[in-house]
$ cat entry_28.pdb   # PDB, C-alpha atoms
MODEL        1
ATOM      1  CA  MET D   7       0.000   0.000   0.000
ATOM      2  CA  ARG D   8       1.167   3.536  -0.743
ATOM      3  CA  LEU D   9       0.728   5.569   2.459
ATOM      4  CA  GLY D  10       1.148   9.298   2.887
ATOM      5  CA  VAL D  11       2.362  10.345   6.334
ATOM      6  CA  PHE D  12       1.499  13.938   7.181
ATOM      7  CA  GLY D  13       2.721  14.952  10.622
ATOM      8  CA  GLY D  14       2.003  18.290  12.175
ATOM      9  CA  SER D  15       0.940  20.173  15.252
ATOM     10  CA  PHE D  16      -2.424  20.908  13.540
ATOM     11  CA  ASP D  17      -2.936  23.896  15.850
ATOM     12  CA  PRO D  18      -5.523  24.100  14.225
ATOM     13  CA  PRO D  19      -5.744  22.050  11.004
ATOM     14  CA  HIS D  20      -7.206  23.908   8.034
ATOM     15  CA  ILE D  21      -8.229  23.809   4.397
ATOM     16  CA  GLY D  22      -4.592  24.032   3.282
ATOM     17  CA  HIS D  23      -3.848  20.721   5.021
ATOM     18  CA  LEU D  24      -6.827  19.155   3.235
ATOM     19  CA  ILE D  25      -5.726  20.498  -0.146
ATOM     20  CA  PHE D  26      -2.171  19.187   0.341
ATOM     21  CA  SER D  27      -3.575  15.795   1.374
ATOM     22  CA  GLU D  28      -6.014  15.433  -1.500
ATOM     23  CA  GLU D  29      -3.543  16.645  -4.096
ATOM     24  CA  SER D  30      -0.909  14.198  -2.784
ATOM     25  CA  LEU D  31      -3.442  11.369  -2.868
ATOM     26  CA  ASN D  32      -4.395  12.077  -6.468
ATOM     27  CA  LYS D  33      -1.029  13.044  -7.926
ATOM     28  CA  PHE D  34       1.018  10.219  -6.384
ATOM     29  CA  ASN D  35      -1.577   7.438  -6.333
ATOM     30  CA  LEU D  36      -1.672   7.061  -2.554
ATOM     31  CA  GLN D  37      -4.228   4.735  -0.970
ATOM     32  CA  LYS D  38      -4.367   6.456   2.412
ATOM     33  CA  ILE D  39      -2.987   9.492   4.179
ATOM     34  CA  ILE D  40      -2.185   9.283   7.868
ATOM     35  CA  TRP D  41      -2.386  12.568   9.743
ATOM     36  CA  VAL D  42       0.000  12.187  12.659
ATOM     37  CA  VAL D  43      -0.816  14.696  15.379
ATOM     38  CA  ASN D  44       2.521  15.672  16.922
ATOM     39  CA  HIS D  45       2.407  15.353  20.678
ATOM     40  CA  THR D  46       5.433  17.564  21.350
ATOM     41  CA  PRO D  47       6.842  19.035  18.115
ATOM     42  CA  CYS D  48      10.657  19.048  18.082
ATOM     43  CA  HIS D  49      11.214  21.944  15.705
ATOM     44  CA  LYS D  50       8.343  24.240  16.695
ATOM     45  CA  GLN D  51       7.055  26.024  19.747
ATOM     46  CA  LYS D  52       4.678  24.122  22.006
ATOM     47  CA  PRO D  53       1.149  24.095  20.554
ATOM     48  CA  LEU D  54      -1.446  26.305  22.223
ATOM     49  CA  ALA D  55      -4.214  23.699  22.105
ATOM     50  CA  SER D  56      -3.863  20.443  24.024
ATOM     51  CA  PHE D  57      -2.930  17.216  22.265
ATOM     52  CA  ASN D  58      -6.456  15.840  22.808
ATOM     53  CA  ASP D  59      -8.062  18.992  21.399
ATOM     54  CA  ARG D  60      -5.794  18.916  18.333
ATOM     55  CA  LEU D  61      -6.622  15.247  17.824
ATOM     56  CA  GLU D  62     -10.323  16.094  17.953
ATOM     57  CA  PHE D  63      -9.763  19.069  15.585
ATOM     58  CA  CYS D  64      -8.324  16.668  13.008
ATOM     59  CA  ARG D  65     -11.117  14.144  13.464
ATOM     60  CA  ILE D  66     -13.748  16.841  12.967
ATOM     61  CA  LEU D  67     -12.090  18.401   9.913
ATOM     62  CA  THR D  68     -11.395  15.088   8.151
ATOM     63  CA  ARG D  69     -14.629  13.296   9.057
ATOM     64  CA  ASN D  70     -15.857  13.304   5.441
ATOM     65  CA  PHE D  71     -12.492  12.483   3.882
ATOM     66  CA  MET D  72     -12.385   8.684   3.975
ATOM     67  CA  PHE D  73      -8.816   8.554   2.642
ATOM     68  CA  ILE D  74      -7.483  10.349   5.747
ATOM     69  CA  GLN D  75      -6.821   8.455   8.957
ATOM     70  CA  VAL D  76      -6.037  10.530  12.050
ATOM     71  CA  SER D  77      -3.349   8.914  14.201
ATOM     72  CA  GLN D  78      -2.531   9.481  17.846
ATOM     73  CA  ILE D  79       0.549   7.248  17.618
ATOM     74  CA  GLU D  80       2.815   9.904  19.146
ATOM     75  CA  GLU D  81       0.792  10.003  22.364
ATOM     76  CA  ASN D  82       2.596   6.978  23.795
ATOM     77  CA  LEU D  83       6.062   7.485  22.274
ATOM     78  CA  ASP D  84       8.988   8.844  24.283
ATOM     79  CA  LYS D  85       9.233  12.638  24.442
ATOM     80  CA  PRO D  86      10.690  14.374  22.631
ATOM     81  CA  ASN D  87       9.703  12.232  19.702
ATOM     82  CA  PHE D  88      11.330  12.350  16.282
ATOM     83  CA  THR D  89       9.969  11.593  12.811
ATOM     84  CA  CYS D  90      12.182   8.524  12.402
ATOM     85  CA  GLU D  91      10.664   7.019  15.579
ATOM     86  CA  THR D  92       7.121   7.795  14.454
ATOM     87  CA  LEU D  93       7.786   6.116  11.107
ATOM     88  CA  ASN D  94       9.193   3.037  12.838
ATOM     89  CA  SER D  95       6.019   2.819  14.927
ATOM     90  CA  LEU D  96       3.838   3.263  11.840
ATOM     91  CA  ARG D  97       5.740   0.459  10.086
ATOM     92  CA  LYS D  98       4.779  -1.836  12.971
ATOM     93  CA  GLU D  99       1.149  -0.674  12.931
ATOM     94  CA  PHE D 100       0.874  -1.033   9.142
ATOM     95  CA  SER D 101       2.773  -4.269   8.793
ATOM     96  CA  GLY D 102       3.263  -5.727   5.351
ATOM     97  CA  LYS D 103       4.537  -4.260   2.113
ATOM     98  CA  ASN D 104       3.985  -0.532   2.369
ATOM     99  CA  ASP D 105       5.632   2.424   0.700
ATOM    100  CA  PHE D 106       5.684   5.478   2.949
ATOM    101  CA  PHE D 107       5.580   9.014   1.531
ATOM    102  CA  LEU D 108       6.529  11.655   4.079
ATOM    103  CA  MET D 109       4.530  14.812   3.375
ATOM    104  CA  ILE D 110       6.358  17.985   4.374
ATOM    105  CA  GLY D 111       6.399  21.676   3.622
ATOM    106  CA  LEU D 112       9.215  23.595   1.987
ATOM    107  CA  ASP D 113      10.611  24.874   5.301
ATOM    108  CA  GLN D 114      10.863  21.341   6.701
ATOM    109  CA  ALA D 115      12.432  20.080   3.480
ATOM    110  CA  LYS D 116      15.130  22.753   3.635
ATOM    111  CA  SER D 117      15.979  21.900   7.238
ATOM    112  CA  ILE D 118      15.831  18.116   6.954
ATOM    113  CA  ASP D 119      19.564  17.686   7.555
ATOM    114  CA  SER D 120      19.019  18.890  11.132
ATOM    115  CA  TRP D 121      16.526  16.070  11.789
ATOM    116  CA  LYS D 122      17.474  13.017  13.802
ATOM    117  CA  ASN D 123      18.566  10.182  11.467
ATOM    118  CA  ALA D 124      18.018  12.362   8.386
ATOM    119  CA  GLU D 125      20.191  10.177   6.142
ATOM    120  CA  MET D 126      18.260   7.075   7.162
ATOM    121  CA  LEU D 127      14.977   8.838   6.377
ATOM    122  CA  LYS D 128      16.290   9.817   2.951
ATOM    123  CA  ARG D 129      16.959   6.148   2.195
ATOM    124  CA  GLN D 130      13.728   4.733   3.600
ATOM    125  CA  VAL D 131      10.897   7.018   2.490
ATOM    126  CA  ASP D 132       9.802   9.086  -0.443
ATOM    127  CA  PHE D 133       9.115  12.763   0.179
ATOM    128  CA  ILE D 134       6.199  14.841  -1.036
ATOM    129  CA  VAL D 135       7.076  18.498  -0.670
ATOM    130  CA  MET D 136       4.529  21.311  -0.872
ATOM    131  CA  MET D 137       6.332  24.119  -2.663
ATOM    132  CA  ARG D 138       5.345  27.745  -2.242
ATOM    133  CA  ASP D 139       7.923  28.895  -4.750
ATOM    134  CA  ASP D 140      10.592  27.366  -6.938
ATOM    135  CA  GLY D 141      12.900  26.531  -4.041
ATOM    136  CA  SER D 142      13.497  22.986  -5.292
ATOM    137  CA  LYS D 143      17.140  23.716  -6.074
ATOM    138  CA  ASP D 144      17.718  24.334  -2.338
ATOM    139  CA  LEU D 145      16.467  20.900  -1.283
ATOM    140  CA  ASN D 146      18.963  18.349  -0.038
ATOM    141  CA  LEU D 147      16.688  15.387  -0.711
ATOM    142  CA  PRO D 148      17.241  12.401  -3.016
ATOM    143  CA  GLU D 149      15.947  13.462  -6.423
ATOM    144  CA  LYS D 150      14.430  10.075  -7.292
ATOM    145  CA  ARG D 151      12.566   9.934  -3.979
ATOM    146  CA  THR D 152      11.323  13.526  -3.951
ATOM    147  CA  HIS D 153       7.970  14.535  -5.423
ATOM    148  CA  LEU D 154       6.905  18.165  -5.632
ATOM    149  CA  ILE D 155       3.534  19.814  -5.458
ATOM    150  CA  LYS D 156       3.714  23.395  -6.614
ATOM    151  CA  ARG D 157       0.758  25.249  -5.203
ATOM    152  CA  ARG D 158       0.567  28.379  -3.125
ATOM    153  CA  ILE D 159      -1.943  28.124  -0.296
ATOM    154  CA  ASP D 160      -2.088  31.378   1.621
ATOM    155  CA  VAL D 161      -3.475  30.185   4.927
ATOM    156  CA  SER D 162      -1.694  29.364   8.145
ATOM    157  CA  SER D 163      -2.620  28.088  11.587
ATOM    158  CA  THR D 164      -1.013  31.213  13.081
ATOM    159  CA  GLU D 165      -3.338  33.439  11.048
ATOM    160  CA  ILE D 166      -6.376  31.354  11.995
ATOM    161  CA  ARG D 167      -5.553  31.552  15.722
ATOM    162  CA  LYS D 168      -5.455  35.361  15.369
ATOM    163  CA  TYR D 169      -8.964  35.307  13.870
ATOM    164  CA  PHE D 170     -10.292  33.314  16.815
ATOM    165  CA  LYS D 171      -8.485  35.523  19.333
ATOM    166  CA  ALA D 172     -10.045  38.627  17.748
ATOM    167  CA  GLY D 173     -13.512  37.049  17.862
ATOM    168  CA  LEU D 174     -13.696  36.808  14.066
ATOM    169  CA  SER D 175     -15.113  33.946  12.033
ATOM    170  CA  ALA D 176     -12.603  31.422  10.652
ATOM    171  CA  ALA D 177     -15.152  28.942   9.325
ATOM    172  CA  SER D 178     -13.965  29.287   5.719
ATOM    173  CA  PHE D 179     -10.516  28.090   6.855
ATOM    174  CA  VAL D 180     -11.531  25.262   9.218
ATOM    175  CA  GLY D 181     -15.168  24.482   8.384
ATOM    176  CA  ASN D 182     -18.267  25.298  10.429
ATOM    177  CA  GLU D 183     -18.134  22.285  12.729
ATOM    178  CA  LEU D 184     -14.525  22.788  13.785
ATOM    179  CA  SER D 185     -14.981  26.541  14.108
ATOM    180  CA  THR D 186     -17.953  25.983  16.434
ATOM    181  CA  TYR D 187     -15.979  23.441  18.497
ATOM    182  CA  ILE D 188     -13.070  25.863  18.955
ATOM    183  CA  VAL D 189     -15.313  28.792  19.905
ATOM    184  CA  LYS D 190     -17.473  26.767  22.343
ATOM    185  CA  ARG D 191     -14.367  25.473  24.134
ATOM    186  CA  GLY D 192     -12.767  28.934  24.233
ATOM    187  CA  ILE D 193      -9.559  27.740  22.560
ATOM    188  CA  TYR D 194      -7.228  30.493  21.228
ATOM    189  CA  ILE D 195      -9.243  33.234  22.947
TER     190      ILE D 195
ENDMDL
END

$ encode --input "entry_28.pdb" --output "structure tokens"
Amino acid sequence: MRLGVFGGSFDPPHIGHLIFSEESLNKFNLQKIIWVVNHTPCHKQKPLASFNDRLEFCRILTRNFMFIQVSQIEENLDKPNFTCETLNSLRKEFSGKNDFFLMIGLDQAKSIDSWKNAEMLKRQVDFIVMMRDDGSKDLNLPEKRTHLIKRRIDVSSTEIRKYFKAGLSAASFVGNELSTYIVKRGIYI
């Protein structure tokens, strides 16, 4: 099976994450995309919403996207957790002949050499990189294992949190159901 692995803090998840997922599914013939909610992101600040809230955010947003499976695999892994460890755990969960495609953004792709066991990752998985510009020449990834999606999606979780904090609607970014959940629970306010 061809599996996309899309890890993130998802603080909150949004339409850009869905677009990246669906485009990866279609363009690279993936059978499933696993959204891995990072428990404690290594290369980012601590998320504002709790792990359980972010897990629920992802479940709400992806409810009607049958090709997406939300994973809480990082909940029980040692902290801090690294991508290579998450992938090893996913290999055990999805035993059998699977090809893993690690879905990352341009910033992550450019900094991959700072990741734990980066060279091992480069040998073991394919990469799908969401490009915002033509920065592909700056990537230190194996050319034959790197697949690019060139699409500019001008939405970010940071921007969405600002909308919620200001009391503004963000439903067009996260959908009505997730927007209502966030507002009712007072998250980001």

$ resolve_selection --input "entry_28.pdb" --expression "the PyMOL selection byres ((chain D and resi 81-95) around 12)" --output "ChimeraX atom specification"
/D:9-14,40-50,52,56-58,60-61,77-80,96-101,104-110,114,118,120-131

$ resolve_selection --input "entry_28.pdb" --expression "the PyMOL selection byres ((chain D and resi 168-175) around 9)" --output "mmCIF file with C-alpha atoms, keeping the file's coordinate frame"
data_model
loop_
_atom_site.group_PDB
_atom_site.id
_atom_site.type_symbol
_atom_site.label_atom_id
_atom_site.label_comp_id
_atom_site.auth_asym_id
_atom_site.auth_seq_id
_atom_site.Cartn_x
_atom_site.Cartn_y
_atom_site.Cartn_z
ATOM 1 C CA SER D 163 -2.620 28.088 11.587
ATOM 2 C CA THR D 164 -1.013 31.213 13.081
ATOM 3 C CA GLU D 165 -3.338 33.439 11.048
ATOM 4 C CA ILE D 166 -6.376 31.354 11.995
ATOM 5 C CA ARG D 167 -5.553 31.552 15.722
ATOM 6 C CA ALA D 176 -12.603 31.422 10.652
ATOM 7 C CA ALA D 177 -15.152 28.942 9.325
ATOM 8 C CA SER D 178 -13.965 29.287 5.719
ATOM 9 C CA SER D 185 -14.981 26.541 14.108
ATOM 10 C CA ILE D 188 -13.070 25.863 18.955
ATOM 11 C CA VAL D 189 -15.313 28.792 19.905
ATOM 12 C CA GLY D 192 -12.767 28.934 24.233
ATOM 13 C CA ILE D 193 -9.559 27.740 22.560
ATOM 14 C CA TYR D 194 -7.228 30.493 21.228
ATOM 15 C CA ILE D 195 -9.243 33.234 22.947
#

$ atom_distance --input "entry_28.pdb" --atom1 "atom CA of D:Phe133" --atom2 "atom CA of D:Asn70"
25.5 Å

$ closest_residue --input "entry_28.pdb" --among "D:Asp113, D:Ser30, D:Thr68, D:Asp119" --to "D:Leu154" --atoms "all atoms listed in the file"
D:Ser30

$ residues_around --input "entry_28.pdb" --residues "D:Asp160" --least-positions-apart "5" --cutoff "12 Å" --atoms "all atoms listed in the file" --output "VMD selection string"
chain D and resid 20 to 23 25 137 to 138 165 to 166 179

$ write_last_selection --input "entry_28.pdb" --atoms "C-alpha atoms" --output "mmCIF file, in the coordinates of the input"
data_model
loop_
_atom_site.group_PDB
_atom_site.id
_atom_site.type_symbol
_atom_site.label_atom_id
_atom_site.label_comp_id
_atom_site.auth_asym_id
_atom_site.auth_seq_id
_atom_site.Cartn_x
_atom_site.Cartn_y
_atom_site.Cartn_z
ATOM 1 C CA HIS D 20 -7.206 23.908 8.034
ATOM 2 C CA ILE D 21 -8.229 23.809 4.397
ATOM 3 C CA GLY D 22 -4.592 24.032 3.282
ATOM 4 C CA HIS D 23 -3.848 20.721 5.021
ATOM 5 C CA ILE D 25 -5.726 20.498 -0.146
ATOM 6 C CA MET D 137 6.332 24.119 -2.663
ATOM 7 C CA ARG D 138 5.345 27.745 -2.242
ATOM 8 C CA GLU D 165 -3.338 33.439 11.048
ATOM 9 C CA ILE D 166 -6.376 31.354 11.995
ATOM 10 C CA PHE D 179 -10.516 28.090 6.855
#

$ closest_residue --input "entry_28.pdb" --among "D:Glu29, D:Leu54, D:Glu149, D:Gln37" --to "D:Met72" --atoms "all atoms listed in the file"
D:Gln37

$ closest_residue --input "entry_28.pdb" --among "D:Leu24, D:Ile155, D:Val135, D:Ala115" --to "D:Leu67" --atoms "all atoms listed in the file"
D:Leu24

$ atom_distance --input "entry_28.pdb" --atom1 "atom CA of D:Pro53" --atom2 "atom CA of D:Phe16"
8.5 Å

$ closest_residue --input "entry_28.pdb" --among "D:Asp132, D:Leu147, D:Glu28, D:Ile66" --to "D:Arg8" --atoms "only C-alpha atoms"
D:Asp132

$ atom_distance --input "entry_28.pdb" --atom1 "atom CA of D:Leu145" --atom2 "atom CA of D:Arg157"
16.8 Å

$ closest_residue --input "entry_28.pdb" --among "D:Phe63, D:Phe34, D:Phe71, D:Phe26" --to "D:Lys156" --atoms "all atoms listed in the file"
D:Phe26

$ closest_residue --input "entry_28.pdb" --among "D:Ile159, D:Met7, D:Cys64, D:Ile74" --to "D:Leu184" --atoms "all atoms listed in the file"
D:Cys64
